[in-house]
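Worksheet for the structure shown next.
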Amino acid sequence: MKNVGKNWVWFVVIMAVILGLGIYLGQSRRNELGKSFDYSLDEYRKVDPALIKYRELEPILPTLGKLSALALSADDRIFVGGENGIEVFPGGEKVPMVGTPSCLRVAEDGTVFAGMQNHVAVFSKDWKKTVWDAPAENAYLTSIDVDDWYVYVADAGSRRIWRYKKEGGEPFEIGEKDWANGVRGFNIPSPLFDLAINRFDGSFWAVNPGYHAFENFRPDGMPLSTWEASSMGIEGFSGCCNPSHFALLADGGFVTAEKGLPRVKIHNADGSFRCVVAAPDQFDDDAEGLDVAVGSDGKIVVLDSSRNQVRIFEEIK
Amino acid sequence: MSEMGNRGRRNFVRGAAAALIGGTVLAAARSRSPKLVWQIDPEKCTRCGRCATHCVLAPSAVKCFHSYSICGYCDLCGGYLRPDAKGRNTGAENQLCPTAAITRTYIEAPYYQYKIDEDLCIGCGICVEGCDVFGNGSMYLQVKHDLCVNCNQCAISNACPSDAFKRVPASDGYLLKSDQEKRISS
């Protein structure tokens with residue numbers, strides 16, 4: 001009887017040792033990965049509050065879904081492109097269309113240009129539509145701007161800029177590599193390729209995102225100047241495809257938006273960093289495609305598709 | 001006694017026959033149903049790192065796949081370079097992958113090709129995270145079927161927080177991101 005009790009004690013001890021060993025081995029195989037396996041951008045999301053020179057106003061909440069494009073008219077009406085339509089604020093007038101515009105621009109005379117992947121839909125003031133085809137087979141239109149003479153269309157698919165006359169027709173090609181004239185070509189890793197016309201001299205600026213560069217061209221495609229700033233820090237652009245969007249200020253400065261580290265900043269005309277409009281912690285982690293526009297009153301309008309909002313920022317005086 | 005013995009034999013014969021018929025039916029049914037294997041849905045994967053720590057194999061049967069048709073061949077590659085990299089080169093201090101499983105090869109200005117060394121990859125997904133945040137998402141995790149032992153209940157699938165592990169037919173065992181890769185693999 002005594003032996004039976006002893007045997008039971010031994011049995012329990014041996015089983016406990018086996019169980020403990022099993023748990024130890026099991027856990028040792030399931031160790032968490034070490035510190036070198038951590039991927040964190042927290043350090044870069046922090047922005048010195050003193051650098052933020054804009055405050056956010058009440059956002060506009062469009063009823064369209066999947067917001068994809070933003071433009072301001074000469075009288076500061078906000079045009080928003082989204083799933084199967086364009087919505088205009090204030091007022092909320094909705095114009096249905098087939099497809100989702102990838103970019104929008106409103107001319108001074110009220111004509112609306114919408115980039116629709118492989119063609120430009122041109123709407124007159126009373127929303128009568130004509131279509132301009134993009135010549136490239138793999139066209140993916142990402143930006144449009146228009147002045148008194150030309151309509152420039154950025155095509156991320158073919159890595160070209162198409163310059164149309166105001167009445168349409170066959171476009172002029174800009175952006176083919178031409179080392180003799182200093183054109184290095186556009187490096188577009190993803191469908192983020194923005195441009196804007198400089199209203200003072202009729203030249204236009206285009207982002208060359210693979211180089212984190214802004215390039216200035218004459219209307220005939222000859223390069224004028226360039227500046228670039230690669231950095232994870234606030235003074236430059238990070239990742240492979242930034243800045244994703246930009247708009248020009250009246251003083252020649254650049255309002256830039258980025259993906260990866262979603263942030264909106266202002267750079268001076270010479271490319272030097274000026275200030276922050278909105279820091280990364282003001283956006284959702286997955287925010288991208290932050291299209292930006294500048295109103296005549298200097299307010300900065302940001303299309304935040306992750307929140308389906310049009311966000312407005314005003315300079316702190 | 002003889003009556004009892006006969007009954008015992010009869011019961012044994014009946015049992016054996018039932019097992020035989022059942023086994024045959026089961027085998028026939030199995031041969032008709034497609035073989036299933038584990039795979040990761042790249043759209044659901046959150047790159048949590050558990051593929052590296054929870055596989056019964058060491059290193060894990062989960063590896064990084066690289067879709068060349070999606071890749072931008074960037075110089076500043078978010079999947080290859082650490083966010084705080086001091087330079088855009090192959091210096092170990094600049095590489096994001098802790099096991100140096102990605103090789104970077106210059107093609108032509110400004111393009112670089114990135115290749116995954118499967119022997120070094122442990123499926124941690126840190127490159128996937130970097131590529132997804134800053135790049136096009138051309139890097140993603142997949143279970144390599146030549147390595148996977150296809151456990152009945154995959155330990156990673158139990159631990160997966162985003163329900164990205166699922167059973168797929170072995171004949172179509174990879175959930176590839178681009179159509180071009182699908183065409184090549186089929």
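Ordering of the structure tokens sets the chain letters (A, B, ...); residue numbers start at 1 within each chain; ligands are numbered from 1 in the order shown.
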Where does chain A meet chain B within 12 Å, residue by residue, with the nearest atom pair and distance in Å to one decimal for each, counting only C-alpha atoms, listed by chain and rising number, as JSON lines?
{"residue": "A:Gly26", "atom": "CA", "partner": "B:His54", "partner_atom": "CA", "distance": 9.7}
{"residue": "A:Gln27", "atom": "CA", "partner": "B:His54", "partner_atom": "CA", "distance": 9.9}
{"residue": "A:Ser28", "atom": "CA", "partner": "B:Thr53", "partner_atom": "CA", "distance": 9.6}
{"residue": "A:Arg29", "atom": "CA", "partner": "B:Thr53", "partner_atom": "CA", "distance": 6.8}
{"residue": "A:Arg30", "atom": "CA", "partner": "B:Thr53", "partner_atom": "CA", "distance": 5.1}
{"residue": "A:Asn31", "atom": "CA", "partner": "B:Thr53", "partner_atom": "CA", "distance": 6.5}
{"residue": "A:Glu32", "atom": "CA", "partner": "B:Thr53", "partner_atom": "CA", "distance": 6.7}
{"residue": "A:Leu33", "atom": "CA", "partner": "B:Thr53", "partner_atom": "CA", "distance": 7.2}
{"residue": "A:Gly34", "atom": "CA", "partner": "B:Pro98", "partner_atom": "CA", "distance": 9.6}
{"residue": "A:Lys35", "atom": "CA", "partner": "B:Pro98", "partner_atom": "CA", "distance": 9.8}
{"residue": "A:Ser36", "atom": "CA", "partner": "B:Pro98", "partner_atom": "CA", "distance": 6.3}
{"residue": "A:Phe37", "atom": "CA", "partner": "B:Ile126", "partner_atom": "CA", "distance": 6.4}
{"residue": "A:Asp38", "atom": "CA", "partner": "B:Ile126", "partner_atom": "CA", "distance": 7.4}
{"residue": "A:Tyr39", "atom": "CA", "partner": "B:Ile126", "partner_atom": "CA", "distance": 6.5}
{"residue": "A:Ser40", "atom": "CA", "partner": "B:Pro83", "partner_atom": "CA", "distance": 8.4}
{"residue": "A:Leu41", "atom": "CA", "partner": "B:Pro83", "partner_atom": "CA", "distance": 7.4}
{"residue": "A:Asp42", "atom": "CA", "partner": "B:Pro83", "partner_atom": "CA", "distance": 10.6}
{"residue": "A:Glu43", "atom": "CA", "partner": "B:Asp84", "partner_atom": "CA", "distance": 9.7}
{"residue": "A:Tyr44", "atom": "CA", "partner": "B:Pro83", "partner_atom": "CA", "distance": 8.9}
{"residue": "A:Arg45", "atom": "CA", "partner": "B:Pro83", "partner_atom": "CA", "distance": 11.8}
{"residue": "A:Lys177", "atom": "CA", "partner": "B:Ala109", "partner_atom": "CA", "distance": 11.7}
{"residue": "A:Arg184", "atom": "CA", "partner": "B:Ala109", "partner_atom": "CA", "distance": 9.5}
{"residue": "A:Gly185", "atom": "CA", "partner": "B:Pro110", "partner_atom": "CA", "distance": 10.3}
{"residue": "A:Phe186", "atom": "CA", "partner": "B:Pro110", "partner_atom": "CA", "distance": 10.2}
{"residue": "A:Asn187", "atom": "CA", "partner": "B:Pro110", "partner_atom": "CA", "distance": 7.7}
{"residue": "A:Ile188", "atom": "CA", "partner": "B:Gly72", "partner_atom": "CA", "distance": 7.5}
{"residue": "A:Pro189", "atom": "CA", "partner": "B:Gly72", "partner_atom": "CA", "distance": 4.2}
{"residue": "A:Ser190", "atom": "CA", "partner": "B:Asn136", "partner_atom": "CA", "distance": 6.4}
{"residue": "A:Pro191", "atom": "CA", "partner": "B:Asn136", "partner_atom": "CA", "distance": 9.4}
{"residue": "A:Leu192", "atom": "CA", "partner": "B:Asn136", "partner_atom": "CA", "distance": 10.9}
{"residue": "A:Asn208", "atom": "CA", "partner": "B:Pro110", "partner_atom": "CA", "distance": 11.7}
{"residue": "A:Pro209", "atom": "CA", "partner": "B:Cys74", "partner_atom": "CA", "distance": 10.0}
{"residue": "A:Gly210", "atom": "CA", "partner": "B:Cys74", "partner_atom": "CA", "distance": 6.7}
{"residue": "A:Tyr211", "atom": "CA", "partner": "B:Pro110", "partner_atom": "CA", "distance": 8.3}
{"residue": "A:His212", "atom": "CA", "partner": "B:Leu76", "partner_atom": "CA", "distance": 9.6}
{"residue": "A:Ser230", "atom": "CA", "partner": "B:Leu76", "partner_atom": "CA", "distance": 9.0}
{"residue": "A:Ser231", "atom": "CA", "partner": "B:Asp84", "partner_atom": "CA", "distance": 9.0}
{"residue": "A:Met232", "atom": "CA", "partner": "B:Pro83", "partner_atom": "CA", "distance": 6.8}
{"residue": "A:Gly233", "atom": "CA", "partner": "B:Asp84", "partner_atom": "CA", "distance": 9.2}
{"residue": "A:Phe237", "atom": "CA", "partner": "B:Leu76", "partner_atom": "CA", "distance": 10.8}
{"residue": "A:Ser238", "atom": "CA", "partner": "B:Phe134", "partner_atom": "CA", "distance": 7.8}
{"residue": "A:Gly239", "atom": "CA", "partner": "B:Phe134", "partner_atom": "CA", "distance": 4.7}
{"residue": "A:Cys240", "atom": "CA", "partner": "B:Leu76", "partner_atom": "CA", "distance": 5.5}
{"residue": "A:Cys241", "atom": "CA", "partner": "B:Gly135", "partner_atom": "CA", "distance": 7.0}
{"residue": "A:Asn242", "atom": "CA", "partner": "B:Phe134", "partner_atom": "CA", "distance": 8.8}
{"residue": "A:Pro243", "atom": "CA", "partner": "B:Phe134", "partner_atom": "CA", "distance": 11.2}
{"residue": "A:Ser244", "atom": "CA", "partner": "B:Phe134", "partner_atom": "CA", "distance": 10.9}
{"residue": "A:Glu258", "atom": "CA", "partner": "B:Phe134", "partner_atom": "CA", "distance": 9.7}
{"residue": "A:Lys259", "atom": "CA", "partner": "B:Phe134", "partner_atom": "CA", "distance": 6.9}
{"residue": "A:Gly260", "atom": "CA", "partner": "B:Phe134", "partner_atom": "CA", "distance": 4.7}
{"residue": "A:Leu261", "atom": "CA", "partner": "B:Phe134", "partner_atom": "CA", "distance": 8.0}
{"residue": "A:Pro262", "atom": "CA", "partner": "B:Val133", "partner_atom": "CA", "distance": 10.1}
{"residue": "A:Asp285", "atom": "CA", "partner": "B:Val133", "partner_atom": "CA", "distance": 9.2}
{"residue": "A:Asp286", "atom": "CA", "partner": "B:Val133", "partner_atom": "CA", "distance": 8.2}
{"residue": "A:Ala287", "atom": "CA", "partner": "B:Val133", "partner_atom": "CA", "distance": 10.1}
{"residue": "A:Glu288", "atom": "CA", "partner": "B:Val133", "partner_atom": "CA", "distance": 9.7}
>> For the structure I just gave you, how does DSSP split segment 88-315 of chain A - specifically, which residues are helix (DSSP H, G or I)? Reply as a list in words.
In response: Trp179, Ala180, Asn181, Pro209, Gly210, Tyr211, Pro280, Asp281 and Gln282 of chain A
> Neighbours of segment 109-117 of chain A within 10 Å (only C-alpha atoms; same-chain residues fewer than 5 positions away dropped), as a ChimeraX atom specification?
Replying inline: /A:69-71,73-75,79,81,86,98-104,122-134,138-146,148,151,153-157
Any chance you can output those residues with N, CA and C atoms as a short mmCIF file (atom, residue, chain, number, x, y, z; two decimals), in the first residue's frame?
data_model
loop_
_atom_site.label_atom_id
_atom_site.label_comp_id
_atom_site.auth_asym_id
_atom_site.auth_seq_id
_atom_site.Cartn_x
_atom_site.Cartn_y
_atom_site.Cartn_z
N ALA A 69 -10.33 62.41 -56.61
CA ALA A 69 -9.77 63.58 -57.28
C ALA A 69 -10.36 64.86 -56.71
N LEU A 70 -9.56 65.93 -56.80
CA LEU A 70 -9.96 67.20 -56.20
C LEU A 70 -9.51 68.34 -57.11
N ALA A 71 -10.35 69.37 -57.22
CA ALA A 71 -9.95 70.56 -57.97
C ALA A 71 -10.71 71.76 -57.42
N SER A 73 -12.11 75.66 -58.47
CA SER A 73 -12.35 76.55 -59.60
C SER A 73 -11.78 77.94 -59.26
N ALA A 74 -11.82 78.82 -60.25
CA ALA A 74 -11.28 80.17 -60.03
C ALA A 74 -12.03 80.90 -58.93
N ASP A 75 -13.32 80.57 -58.74
CA ASP A 75 -14.10 81.21 -57.68
C ASP A 75 -14.15 80.35 -56.41
N PHE A 79 -14.47 70.99 -56.37
CA PHE A 79 -14.96 69.89 -57.19
C PHE A 79 -14.29 68.60 -56.69
N GLY A 81 -14.05 64.44 -57.19
CA GLY A 81 -14.35 63.28 -58.02
C GLY A 81 -14.38 62.03 -57.16
N ILE A 86 -19.05 63.42 -59.98
CA ILE A 86 -18.35 64.60 -59.49
C ILE A 86 -19.34 65.36 -58.60
N VAL A 98 -19.93 57.71 -65.79
CA VAL A 98 -19.55 56.30 -65.78
C VAL A 98 -18.06 56.23 -65.44
N GLY A 99 -17.75 55.58 -64.34
CA GLY A 99 -16.35 55.45 -63.92
C GLY A 99 -15.98 56.46 -62.86
N THR A 100 -14.78 56.34 -62.39
CA THR A 100 -14.27 57.19 -61.32
C THR A 100 -13.11 58.01 -61.84
N PRO A 101 -13.21 59.32 -61.80
CA PRO A 101 -12.10 60.14 -62.31
C PRO A 101 -10.86 60.00 -61.44
N SER A 102 -9.71 59.88 -62.08
CA SER A 102 -8.46 59.77 -61.32
C SER A 102 -7.85 61.15 -61.08
N CYS A 103 -8.31 62.15 -61.83
CA CYS A 103 -7.83 63.52 -61.60
C CYS A 103 -8.85 64.49 -62.19
N LEU A 104 -8.81 65.71 -61.67
CA LEU A 104 -9.79 66.74 -62.07
C LEU A 104 -9.10 68.09 -62.20
N VAL A 122 -14.12 65.92 -71.03
CA VAL A 122 -14.17 67.38 -70.93
C VAL A 122 -15.64 67.80 -70.83
N PHE A 123 -15.97 68.49 -69.74
CA PHE A 123 -17.36 68.91 -69.51
C PHE A 123 -17.44 70.44 -69.66
N SER A 124 -18.37 70.86 -70.51
CA SER A 124 -18.60 72.29 -70.63
C SER A 124 -19.33 72.76 -69.37
N LYS A 125 -19.58 74.08 -69.29
CA LYS A 125 -20.22 74.63 -68.09
C LYS A 125 -21.57 73.98 -67.81
N ASP A 126 -22.29 73.61 -68.92
CA ASP A 126 -23.59 72.96 -68.71
C ASP A 126 -23.46 71.43 -68.75
N TRP A 127 -22.26 70.92 -68.46
CA TRP A 127 -21.97 69.50 -68.29
C TRP A 127 -22.16 68.68 -69.56
N LYS A 128 -21.98 69.32 -70.73
CA LYS A 128 -21.97 68.54 -71.98
C LYS A 128 -20.58 67.94 -72.12
N LYS A 129 -20.53 66.66 -72.47
CA LYS A 129 -19.26 65.94 -72.40
C LYS A 129 -18.65 65.66 -73.77
N THR A 130 -17.34 65.88 -73.88
CA THR A 130 -16.58 65.39 -75.04
C THR A 130 -15.41 64.58 -74.50
N VAL A 131 -14.86 63.74 -75.34
CA VAL A 131 -13.80 62.84 -74.88
C VAL A 131 -12.54 63.03 -75.70
N TRP A 132 -11.41 63.15 -74.99
CA TRP A 132 -10.11 63.17 -75.67
C TRP A 132 -9.38 61.88 -75.29
N ASP A 133 -9.00 61.10 -76.26
CA ASP A 133 -8.28 59.86 -75.95
C ASP A 133 -6.81 60.16 -75.66
N ALA A 134 -6.25 59.40 -74.72
CA ALA A 134 -4.80 59.47 -74.50
C ALA A 134 -4.15 58.52 -75.51
N ASN A 138 -1.10 51.96 -72.67
CA ASN A 138 -1.11 51.67 -71.23
C ASN A 138 -1.34 52.94 -70.42
N ALA A 139 -2.12 53.85 -70.95
CA ALA A 139 -2.30 55.15 -70.28
C ALA A 139 -2.97 54.99 -68.92
N TYR A 140 -2.48 55.75 -67.96
CA TYR A 140 -3.17 55.88 -66.67
C TYR A 140 -3.00 57.34 -66.24
N LEU A 141 -4.04 58.13 -66.49
CA LEU A 141 -3.93 59.58 -66.29
C LEU A 141 -4.06 59.92 -64.80
N THR A 142 -3.13 60.72 -64.31
CA THR A 142 -3.09 60.99 -62.87
C THR A 142 -3.16 62.48 -62.52
N SER A 143 -3.00 63.35 -63.50
CA SER A 143 -3.07 64.77 -63.18
C SER A 143 -3.36 65.58 -64.44
N ILE A 144 -4.06 66.68 -64.24
CA ILE A 144 -4.38 67.59 -65.35
C ILE A 144 -4.19 69.02 -64.86
N ASP A 145 -3.68 69.87 -65.74
CA ASP A 145 -3.74 71.29 -65.44
C ASP A 145 -3.97 72.04 -66.76
N VAL A 146 -4.53 73.20 -66.64
CA VAL A 146 -4.94 73.92 -67.84
C VAL A 146 -4.65 75.41 -67.67
N ASP A 148 -4.34 79.27 -70.34
CA ASP A 148 -5.08 79.89 -71.45
C ASP A 148 -4.77 79.23 -72.79
N VAL A 151 -3.65 72.29 -72.32
CA VAL A 151 -4.09 71.36 -71.26
C VAL A 151 -2.99 70.31 -71.14
N VAL A 153 -1.58 66.87 -69.41
CA VAL A 153 -2.11 65.67 -68.76
C VAL A 153 -0.95 64.75 -68.41
N ALA A 154 -0.82 64.40 -67.13
CA ALA A 154 0.24 63.47 -66.70
C ALA A 154 -0.27 62.04 -66.84
N ASP A 155 0.53 61.21 -67.49
CA ASP A 155 0.14 59.82 -67.75
C ASP A 155 1.17 58.90 -67.08
N ALA A 156 0.79 58.35 -65.92
CA ALA A 156 1.73 57.50 -65.16
C ALA A 156 2.00 56.19 -65.90
N GLY A 157 1.03 55.73 -66.68
CA GLY A 157 1.19 54.45 -67.39
C GLY A 157 2.31 54.51 -68.42
#
> Mind checking DSSP for segment 231-314 of chain A and telling me the strand (DSSP E or B) residues as a ChimeraX atom specification?
Replying inline: /A:237,245-248,254-257,264-267,273-278,291-294,300-304,309-314
>> Between atom CA of Glu170 of chain A and atom CA of Val106 of chain A, what distance in Å does the model show, to one decimal?
In response: 20.9 Å
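Across the structure, atom CA of Gln39 of chain B and atom CA of Leu175 of chain B are spaced 7.1 Å apart.
From atom CA of Asp304 of chain A back to atom CA of Lys177 of chain B, the distance works out to 26.3 Å.
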Identify, on the basis of only C-alpha atoms, every residue whose closest approach to Asp270 of chain A does not exceed 9 Å; exclude the query and any residue fewer than 3 positions from it along the same chain; express the result as a compact mmCIF listing (two decimals) with N, CA, C and O atoms, in the first residue's frame.
# COMPACT_ATOMS: atom_id res chain seq x y z
N TRP A 227 14.64 70.51 -58.58
CA TRP A 227 15.16 70.38 -57.22
C TRP A 227 14.62 69.07 -56.65
O TRP A 227 13.57 68.59 -57.05
N GLY A 252 4.92 80.96 -55.35
CA GLY A 252 5.84 80.02 -56.00
C GLY A 252 6.19 78.83 -55.13
O GLY A 252 6.91 77.92 -55.57
N GLY A 253 5.72 78.82 -53.89
CA GLY A 253 5.98 77.68 -53.00
C GLY A 253 5.21 76.44 -53.43
O GLY A 253 4.29 76.51 -54.26
N HIS A 267 7.07 73.65 -49.19
CA HIS A 267 8.46 73.95 -49.53
C HIS A 267 8.50 75.29 -50.27
O HIS A 267 7.57 75.62 -51.02
N PHE A 273 12.63 73.57 -47.14
CA PHE A 273 11.44 73.29 -46.34
C PHE A 273 10.95 74.56 -45.65
O PHE A 273 11.75 75.32 -45.09
>> So that I can see what lies close to Arg104 of chain B, please list as a PyMOL selection string the residues with an atom at most 8 Å from it, counting only C-alpha atoms and leaving out residues fewer than 4 positions away in the same chain.
In response: chain B and resi 80+90+112-115
Output of the above residues as an mmCIF file, in the first residue's frame, restricted to N, CA and C atoms:
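Listed below is the output, out-v5.cif:
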data_model
loop_
_atom_site.group_PDB
_atom_site.id
_atom_site.type_symbol
_atom_site.label_atom_id
_atom_site.label_comp_id
_atom_site.auth_asym_id
_atom_site.auth_seq_id
_atom_site.Cartn_x
_atom_site.Cartn_y
_atom_site.Cartn_z
ATOM 1 N N TYR B 80 13.632 47.064 -48.988
ATOM 2 C CA TYR B 80 15.044 46.695 -48.868
ATOM 3 C C TYR B 80 15.778 47.566 -47.848
ATOM 4 N N THR B 90 24.182 48.638 -50.456
ATOM 5 C CA THR B 90 23.980 47.306 -49.902
ATOM 6 C C THR B 90 24.620 47.125 -48.527
ATOM 7 N N TYR B 112 16.755 49.261 -59.887
ATOM 8 C CA TYR B 112 17.428 48.178 -59.168
ATOM 9 C C TYR B 112 16.472 46.993 -59.067
ATOM 10 N N GLN B 113 17.062 45.799 -59.169
ATOM 11 C CA GLN B 113 16.233 44.603 -59.029
ATOM 12 C C GLN B 113 16.454 44.002 -57.633
ATOM 13 N N TYR B 114 15.386 43.535 -57.042
ATOM 14 C CA TYR B 114 15.468 42.940 -55.699
ATOM 15 C C TYR B 114 15.033 41.483 -55.781
ATOM 16 N N LYS B 115 15.902 40.592 -55.273
ATOM 17 C CA LYS B 115 15.616 39.153 -55.306
ATOM 18 C C LYS B 115 15.611 38.603 -53.893
#
